[in-house]
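**Student:** Have a look at this one.
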Amino acid sequence: MLPSPQLDPDTQKFADHLNAYLSGETDDTYAAANYYDYISLHKHLLQSDDPLCNPVLTTIMPLLSRILNLDRYHSDYVKFLSDFLMLVPIKTTWVYFPKDEMIKTLEYPSPVDLYTATVDMVAWRISAGDQDALDFVDNTLFLTKALQRCLSDHSIPARFWTVEPLVQSCDEKLLEELVADLVHAVELVSLGSDCNLSTRYMAITERIIARRLDLSKKTYDKITEVVELDYLADNDPSDPLMYDLTVDFYTSLVGLIDKLHELFLLLQPVLQTTLAALAENLKSKESYLSTSLGALFGKLTYCKNEEIVSWAQEEKSVNAILDSLILESPTHRQILDLMNFGFIPDKHKFFNDHFANRELSRSSDVLPIIAHAIEDPEFFRLFADYDKLSNSALSQVQKNQLYELLEVITRYNHSATYLLSEMPTVVLTYLVEVPGDISHPLIGKHLRSALENLITNKDLDLGVWEQGLKSLLHSLVNGRPKGPQVDVQDKAF
């Protein structure tokens with residue numbers, strides 16, 4: 001091939017390589033990655049009013065097209081083509097890769113790597129703000145074809161997730177067709193037989209339901225019944241990963257039930273089964289304890305709908321879960337960390353069972369749970385009333401955990417107000433006077449955050465503490481403060 005006077009040396013070298021590959025003189029593919037590194041830094045070489053007059057495109061694209069029409073070609077060239085076309089507007093791509101050809105690559109028997117590369121390229125152009133790419137998805141069969149194959153082709157790699165953001169960004173008028181595709185997939189494909197396919201199905205279904213809260217109960221029932229209830233009740237699943245993925249799917253739907261009563265009613269049997277499974281697993285040390293079940297329970301406790309909250313609080317399995325939790329168990333602490341303490345029906349009983357006889361200084365593993373619990377006003381008051389937050393109690397806590405706790409206390413009005421008015425020694429000792437050693441990055445981070453929480457909260461009256469708090473914050477940012485930090489004649493002392 002004679003060199004083109006219009007081509008830069010690097011593009012000419014890559015063109016020579018592609019010709020050598022076509023003639024069988026080399027099977028090396030590293031040149032594609034190397035050329036992409038070059039052209040992605042010199043995108044101006046791809047710019048032109050007429051793509052058919054651009055020397056780089058008119059040289060490289062025909063050669064790539066010939067390679068991809070070979071009986072056998074290396075997948076690296078497919079990846080290069082996708083990455084290469086992400087650098088240009090999709091209108092430019094259509095000159096060399098027409099719309100109908102794009103859609104054909106999504107259908108069987110087109111190679112799976114060409115399918116994924118095409119979807120990736122279009123999705124990238126949409127994420128880059130290419131309106132033509134978005135219009136293409138909204139007004140053709142592109143997304144429908146992509147979804148159908150995504151939910152039926154077992155050879156698509158696990159890492160392929162690009163259809164999901166396309167569903168998230170597509171025009172609402174397409175959603176009805178996509179729902180029909182979901183129903184079709186449930187009827188014809190054994191979702192449970194393929195973990196990757198099932199995971200994609202559940203992720204896409206959650207996206208569609210979140211955008212279409214007006215679906216009929218029959219449709220909801222069809223597209224959410226991915227497994228039998230007996231499967232969720234299994235204390236020893238044969239495939240723990242698939243079990244967790246399925247529970248994660250229902251957990252994502254629990255996040256939507258506040259907005260849709262129909263979905264709550266539909267999920268009640270699932271909730272009853274999974275909550276009973278969690279309660280049973282917590283009692284039996286030999287059972288498989290799924291962290292996903294804990295996450296589903298945690299998500300349920302954050303629901304705001306009073307009817308849902310009342311239903312959950314009256315469920316026997318929920319009370320069994322709360323009664324079975326042990327702070328000494330790391331797995332149980334994970335569940336507590338995901339739970340809304342404000343949901344607990346009998347807070348006094350829970351406090352007495354788990355916290356009343358516990359000293360903060362001997363509870364380093366549990367302190368993150370205590371910090372989480374005091375986010376709830378009633379639990380905070382219980383800790384305060386039982387002198388768990390007094391200066392003498394806090395002085396025994398490791399300094400890094402102490403400031404982590406103070407950062408949480410200053411985050412909420414109920415606890416910050418109490419801190420400023422009822423805990424003067426704590427404020428003076430840890431938030432006004434410069435501590436002896438705040439060189440540890442976590443201590444400095446939590447201290448600064450605690451000060452900012454108080455100073456920026458317009459609902460708080462800092463009163464006598466204002467100057468001292470601001471002075472210490474200034475010292476953290478700019479150096480040690482100078483001058484008095486608090487009016488020691490205030491009646492608080």
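Ligands are numbered from 1 in the order shown, residues from 1 within each chain, and chains are lettered A, B, ... in the order they appear in the structure tokens.
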Find the residues near A:Gly255: any atom within 8 Å, counting only C-alpha atoms, skip ones fewer than 3 places away on the same chain, and give them as a tab-separated table (two decimals) with C-alpha atoms, in the first residue's frame.
**Tutor:**
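And here is the file that came out, result26.tsv:
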```
chain	number	residue	atom	x	y	z
A	251	THR	CA	-34.45	-5.74	48.20
A	252	SER	CA	-34.29	-3.21	45.37
A	258	ASP	CA	-43.47	3.32	49.66
A	299	LYS	CA	-34.34	-1.79	53.68
A	300	LEU	CA	-37.79	-2.68	55.01
A	303	CYS	CA	-40.00	2.39	54.79
```
**Student:** Give me the residues within 12 Å of A:His184 as a PyMOL selection string, counting only C-alpha atoms and dropping any in the same chain fewer than 2 places off.
**Tutor:** chain A and resi 144+147-149+151-152+177-182+186-191+201+219+222-223
**Student:** Could those selected residues go to a file with N, CA, C and O atoms, as a PDB file, in the first residue's frame?
**Tutor:**
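Wrote it out as part_31.pdb, contents follow:
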```pdb
ATOM      1  N   THR A 144     -34.938  -2.689  21.821  1.00  0.00           N
ATOM      2  CA  THR A 144     -35.717  -3.929  21.915  1.00  0.00           C
ATOM      3  C   THR A 144     -34.880  -5.131  21.519  1.00  0.00           C
ATOM      4  O   THR A 144     -34.868  -6.165  22.206  1.00  0.00           O
ATOM      5  N   LEU A 147     -32.207  -5.771  24.191  1.00  0.00           N
ATOM      6  CA  LEU A 147     -32.769  -6.372  25.396  1.00  0.00           C
ATOM      7  C   LEU A 147     -33.110  -7.842  25.175  1.00  0.00           C
ATOM      8  O   LEU A 147     -32.813  -8.696  26.025  1.00  0.00           O
ATOM      9  N   GLN A 148     -33.711  -8.147  24.039  1.00  0.00           N
ATOM     10  CA  GLN A 148     -34.108  -9.526  23.765  1.00  0.00           C
ATOM     11  C   GLN A 148     -32.911 -10.468  23.783  1.00  0.00           C
ATOM     12  O   GLN A 148     -32.960 -11.560  24.360  1.00  0.00           O
ATOM     13  N   ARG A 149     -31.815 -10.041  23.152  1.00  0.00           N
ATOM     14  CA  ARG A 149     -30.641 -10.910  23.134  1.00  0.00           C
ATOM     15  C   ARG A 149     -29.956 -10.935  24.499  1.00  0.00           C
ATOM     16  O   ARG A 149     -29.460 -11.981  24.937  1.00  0.00           O
ATOM     17  N   LEU A 151     -31.263 -10.954  27.286  1.00  0.00           N
ATOM     18  CA  LEU A 151     -31.993 -11.820  28.214  1.00  0.00           C
ATOM     19  C   LEU A 151     -32.160 -13.242  27.704  1.00  0.00           C
ATOM     20  O   LEU A 151     -32.915 -14.022  28.285  1.00  0.00           O
ATOM     21  N   SER A 152     -31.468 -13.586  26.629  1.00  0.00           N
ATOM     22  CA  SER A 152     -31.610 -14.946  26.100  1.00  0.00           C
ATOM     23  C   SER A 152     -30.294 -15.601  25.703  1.00  0.00           C
ATOM     24  O   SER A 152     -30.221 -16.827  25.597  1.00  0.00           O
ATOM     25  N   GLU A 177     -43.063  -1.658  25.527  1.00  0.00           N
ATOM     26  CA  GLU A 177     -42.488  -2.730  24.713  1.00  0.00           C
ATOM     27  C   GLU A 177     -41.463  -3.526  25.509  1.00  0.00           C
ATOM     28  O   GLU A 177     -41.380  -4.756  25.389  1.00  0.00           O
ATOM     29  N   LEU A 178     -40.677  -2.835  26.315  1.00  0.00           N
ATOM     30  CA  LEU A 178     -39.655  -3.525  27.100  1.00  0.00           C
ATOM     31  C   LEU A 178     -40.289  -4.424  28.155  1.00  0.00           C
ATOM     32  O   LEU A 178     -39.763  -5.500  28.449  1.00  0.00           O
ATOM     33  N   VAL A 179     -41.409  -3.996  28.732  1.00  0.00           N
ATOM     34  CA  VAL A 179     -42.122  -4.839  29.687  1.00  0.00           C
ATOM     35  C   VAL A 179     -42.578  -6.127  28.996  1.00  0.00           C
ATOM     36  O   VAL A 179     -42.463  -7.230  29.566  1.00  0.00           O
ATOM     37  N   ALA A 180     -43.076  -6.005  27.776  1.00  0.00           N
ATOM     38  CA  ALA A 180     -43.484  -7.194  27.022  1.00  0.00           C
ATOM     39  C   ALA A 180     -42.295  -8.126  26.798  1.00  0.00           C
ATOM     40  O   ALA A 180     -42.434  -9.355  26.853  1.00  0.00           O
ATOM     41  N   ASP A 181     -41.111  -7.544  26.568  1.00  0.00           N
ATOM     42  CA  ASP A 181     -39.906  -8.363  26.389  1.00  0.00           C
ATOM     43  C   ASP A 181     -39.545  -9.093  27.682  1.00  0.00           C
ATOM     44  O   ASP A 181     -39.076 -10.236  27.651  1.00  0.00           O
ATOM     45  N   LEU A 182     -39.758  -8.435  28.823  1.00  0.00           N
ATOM     46  CA  LEU A 182     -39.491  -9.089  30.106  1.00  0.00           C
ATOM     47  C   LEU A 182     -40.417 -10.284  30.312  1.00  0.00           C
ATOM     48  O   LEU A 182     -39.981 -11.358  30.739  1.00  0.00           O
ATOM     49  N   VAL A 186     -39.346 -14.251  30.753  1.00  0.00           N
ATOM     50  CA  VAL A 186     -39.744 -15.103  31.871  1.00  0.00           C
ATOM     51  C   VAL A 186     -40.407 -16.379  31.369  1.00  0.00           C
ATOM     52  O   VAL A 186     -40.200 -17.474  31.906  1.00  0.00           O
ATOM     53  N   GLU A 187     -41.192 -16.247  30.299  1.00  0.00           N
ATOM     54  CA  GLU A 187     -41.939 -17.401  29.777  1.00  0.00           C
ATOM     55  C   GLU A 187     -41.047 -18.394  29.028  1.00  0.00           C
ATOM     56  O   GLU A 187     -41.275 -19.603  29.075  1.00  0.00           O
ATOM     57  N   LEU A 188     -40.016 -17.891  28.343  1.00  0.00           N
ATOM     58  CA  LEU A 188     -39.249 -18.747  27.447  1.00  0.00           C
ATOM     59  C   LEU A 188     -37.865 -19.126  27.953  1.00  0.00           C
ATOM     60  O   LEU A 188     -37.277 -20.090  27.473  1.00  0.00           O
ATOM     61  N   VAL A 189     -37.317 -18.372  28.879  1.00  0.00           N
ATOM     62  CA  VAL A 189     -35.939 -18.605  29.312  1.00  0.00           C
ATOM     63  C   VAL A 189     -35.926 -19.064  30.762  1.00  0.00           C
ATOM     64  O   VAL A 189     -36.615 -18.503  31.604  1.00  0.00           O
ATOM     65  N   SER A 190     -35.143 -20.088  31.031  1.00  0.00           N
ATOM     66  CA  SER A 190     -34.980 -20.578  32.394  1.00  0.00           C
ATOM     67  C   SER A 190     -33.979 -19.681  33.112  1.00  0.00           C
ATOM     68  O   SER A 190     -32.770 -19.909  33.056  1.00  0.00           O
ATOM     69  N   LEU A 191     -34.494 -18.634  33.764  1.00  0.00           N
ATOM     70  CA  LEU A 191     -33.611 -17.641  34.363  1.00  0.00           C
ATOM     71  C   LEU A 191     -32.696 -18.248  35.421  1.00  0.00           C
ATOM     72  O   LEU A 191     -31.528 -17.910  35.522  1.00  0.00           O
ATOM     73  N   TYR A 201     -31.375  -9.780  34.019  1.00  0.00           N
ATOM     74  CA  TYR A 201     -32.830  -9.662  34.000  1.00  0.00           C
ATOM     75  C   TYR A 201     -33.325  -8.875  35.212  1.00  0.00           C
ATOM     76  O   TYR A 201     -34.144  -7.955  35.090  1.00  0.00           O
ATOM     77  N   THR A 219     -49.084  -7.858  35.514  1.00  0.00           N
ATOM     78  CA  THR A 219     -47.748  -7.670  34.932  1.00  0.00           C
ATOM     79  C   THR A 219     -46.681  -7.697  36.008  1.00  0.00           C
ATOM     80  O   THR A 219     -45.630  -8.336  35.857  1.00  0.00           O
ATOM     81  N   LYS A 222     -46.057 -11.161  37.043  1.00  0.00           N
ATOM     82  CA  LYS A 222     -45.346 -11.955  36.036  1.00  0.00           C
ATOM     83  C   LYS A 222     -43.855 -11.653  36.035  1.00  0.00           C
ATOM     84  O   LYS A 222     -43.023 -12.574  36.028  1.00  0.00           O
ATOM     85  N   ILE A 223     -43.503 -10.382  36.038  1.00  0.00           N
ATOM     86  CA  ILE A 223     -42.089 -10.039  35.836  1.00  0.00           C
ATOM     87  C   ILE A 223     -41.269 -10.092  37.119  1.00  0.00           C
ATOM     88  O   ILE A 223     -40.031 -10.065  37.069  1.00  0.00           O
TER      89      ILE A 223
END
```
**Student:** Separation of atom CA of A:Glu452 and atom CA of A:Ser363, in Å?
**Tutor:**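 So the answer is 27.2 Å.
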**Student:** With distances taken over only C-alpha atoms, which of A:Ala233, A:Leu296, A:Leu46, A:Ala416 is nearest to A:Val88?
**Tutor:**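 Comparing A:Ala233, A:Leu296, A:Leu46, A:Ala416 against A:Val88, the winner is A:Leu46.
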**Student:** Contacts between stretch 52-55 of chain A and stretch 83-132 of chain A, please, where a residue of stretch 83-132 of chain A counts if it comes within 12 Å (with only C-alpha atoms); show its shortest atom pair and distance in Å to one decimal, rows by chain and ascending number, as CSV.
**Tutor:**
```
residue,atom,partner,partner_atom,distance
A:Val88,CA,A:Asn54,CA,11.9
A:Lys91,CA,A:Leu52,CA,11.9
A:Thr92,CA,A:Leu52,CA,8.9
A:Thr93,CA,A:Leu52,CA,10.8
A:Trp94,CA,A:Leu52,CA,11.1
A:Val95,CA,A:Leu52,CA,7.6
A:Tyr96,CA,A:Leu52,CA,8.8
```
**Student:** Just to be explicit: take each residue in the selection above, keep C-alpha atoms, and write the result as a compact mmCIF listing (two decimals), in the first residue's frame.
**Tutor:**
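Full text of out.txt as output:
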```txt
# COMPACT_ATOMS: atom_id res chain seq x y z
CA VAL A 88 -16.71 10.43 16.87
CA LYS A 91 -23.70 10.54 12.66
CA THR A 92 -20.11 10.03 11.53
CA THR A 93 -20.31 6.36 12.48
CA TRP A 94 -23.42 5.85 10.34
CA VAL A 95 -21.49 6.84 7.22
CA TYR A 96 -19.41 3.69 7.61
```
**Student:** Which of stretch 140-264 of chain A counts as helix (DSSP H, G or I) under DSSP, as a ChimeraX atom specification please?
**Tutor:** /A:142-150,163-169,172-188,191-193,195-211,217-224,229-232,240-254,261-264
**Student:** Using only C-alpha atoms, find the one residue out of A:Leu454, A:Leu260, A:Leu241, A:Ala117 that sits nearest to A:Lys217.
**Tutor:**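 Ranked by minimum distance to A:Lys217, first place goes to A:Leu260.
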**Student:** If you count only C-alpha atoms, which residues fall within 8 Å of A:Tyr302, apart from same-chain ones fewer than 2 positions away, as a list in words?
**Tutor:** Gly298, Lys299, Leu300, Lys304, Met339, Asn340 and Phe343 of chain A
**Student:** Would you save the residues of that selection, restricted to C-alpha atoms, as an mmCIF file, in the first residue's frame?
**Tutor:**
```
data_model
loop_
_atom_site.group_PDB
_atom_site.id
_atom_site.type_symbol
_atom_site.label_atom_id
_atom_site.label_comp_id
_atom_site.auth_asym_id
_atom_site.auth_seq_id
_atom_site.Cartn_x
_atom_site.Cartn_y
_atom_site.Cartn_z
ATOM 1 C CA GLY A 298 -32.705 -3.304 56.760
ATOM 2 C CA LYS A 299 -34.339 -1.785 53.676
ATOM 3 C CA LEU A 300 -37.790 -2.682 55.006
ATOM 4 C CA LYS A 304 -41.996 5.507 55.677
ATOM 5 C CA MET A 339 -31.242 -1.304 60.175
ATOM 6 C CA ASN A 340 -33.218 1.818 61.057
ATOM 7 C CA PHE A 343 -38.231 1.192 63.387
#
```
**Student:** Calculated over only C-alpha atoms, which of the candidates A:Leu394, A:Glu176, A:Asp120, A:Cys195 has the smallest distance to A:Val163?
**Tutor:**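 Under the stated criterion, the closest residue is A:Asp120.
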**Student:** Per residue of stretch 386-423 of chain A within 10 Å of stretch 367-372 of chain A, record the nearest atom pair and its distance in Å to one decimal, counting only C-alpha atoms, with rows in chain order and ascending residue number, as a Markdown table.
**Tutor:**
```
| residue | atom | partner | partner_atom | distance |
| --- | --- | --- | --- | --- |
| A:Val397 | CA | A:Leu367 | CA | 9.4 |
| A:Gln401 | CA | A:Leu367 | CA | 7.4 |
| A:Leu402 | CA | A:Leu367 | CA | 9.1 |
| A:Glu404 | CA | A:Ala371 | CA | 8.0 |
| A:Leu405 | CA | A:Ala371 | CA | 5.6 |
| A:Leu406 | CA | A:Ala371 | CA | 8.7 |
| A:Glu407 | CA | A:Ala371 | CA | 9.1 |
| A:Val408 | CA | A:Ala371 | CA | 6.4 |
| A:Ile409 | CA | A:Ala371 | CA | 7.9 |
```
**Student:** Which is closest to A:Gln398 among A:Leu134, A:Leu460, A:Arg362, A:Asp248, if we use only C-alpha atoms?
**Tutor:** A:Arg362
**Student:** Grab the atom CA of A:Pro240 to atom CA of A:Ser292 distance for me, in Å with one decimal place.
**Tutor:**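 Atom CA of A:Ser292 lies at a distance of 10.3 Å from atom CA of A:Pro240.
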**Student:** Out of A:Gln268, A:Ser127, A:Ser198, A:Thr205, which residue has the shortest atom-to-atom distance to A:Ser169 when counting only C-alpha atoms?
**Tutor:**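 Once distances to A:Ser169 are computed over only C-alpha atoms, the minimum belongs to A:Ser127.
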**Student:** What does the distance between atom CA of A:Ile455 and atom CA of A:Phe341 come to in Å, to one decimal place?
**Tutor:** 26.8 Å
**Student:** Report as number ranges by chain all protein, DNA and RNA residues lying within 12 Å of A:His332, evaluated on only C-alpha atoms, omitting residues in the same chain fewer than 2 positions from it.
**Tutor:** A: 278-279, 281-283, 285, 289-291, 293-295, 298, 321-330, 334-339, 365-366, 369
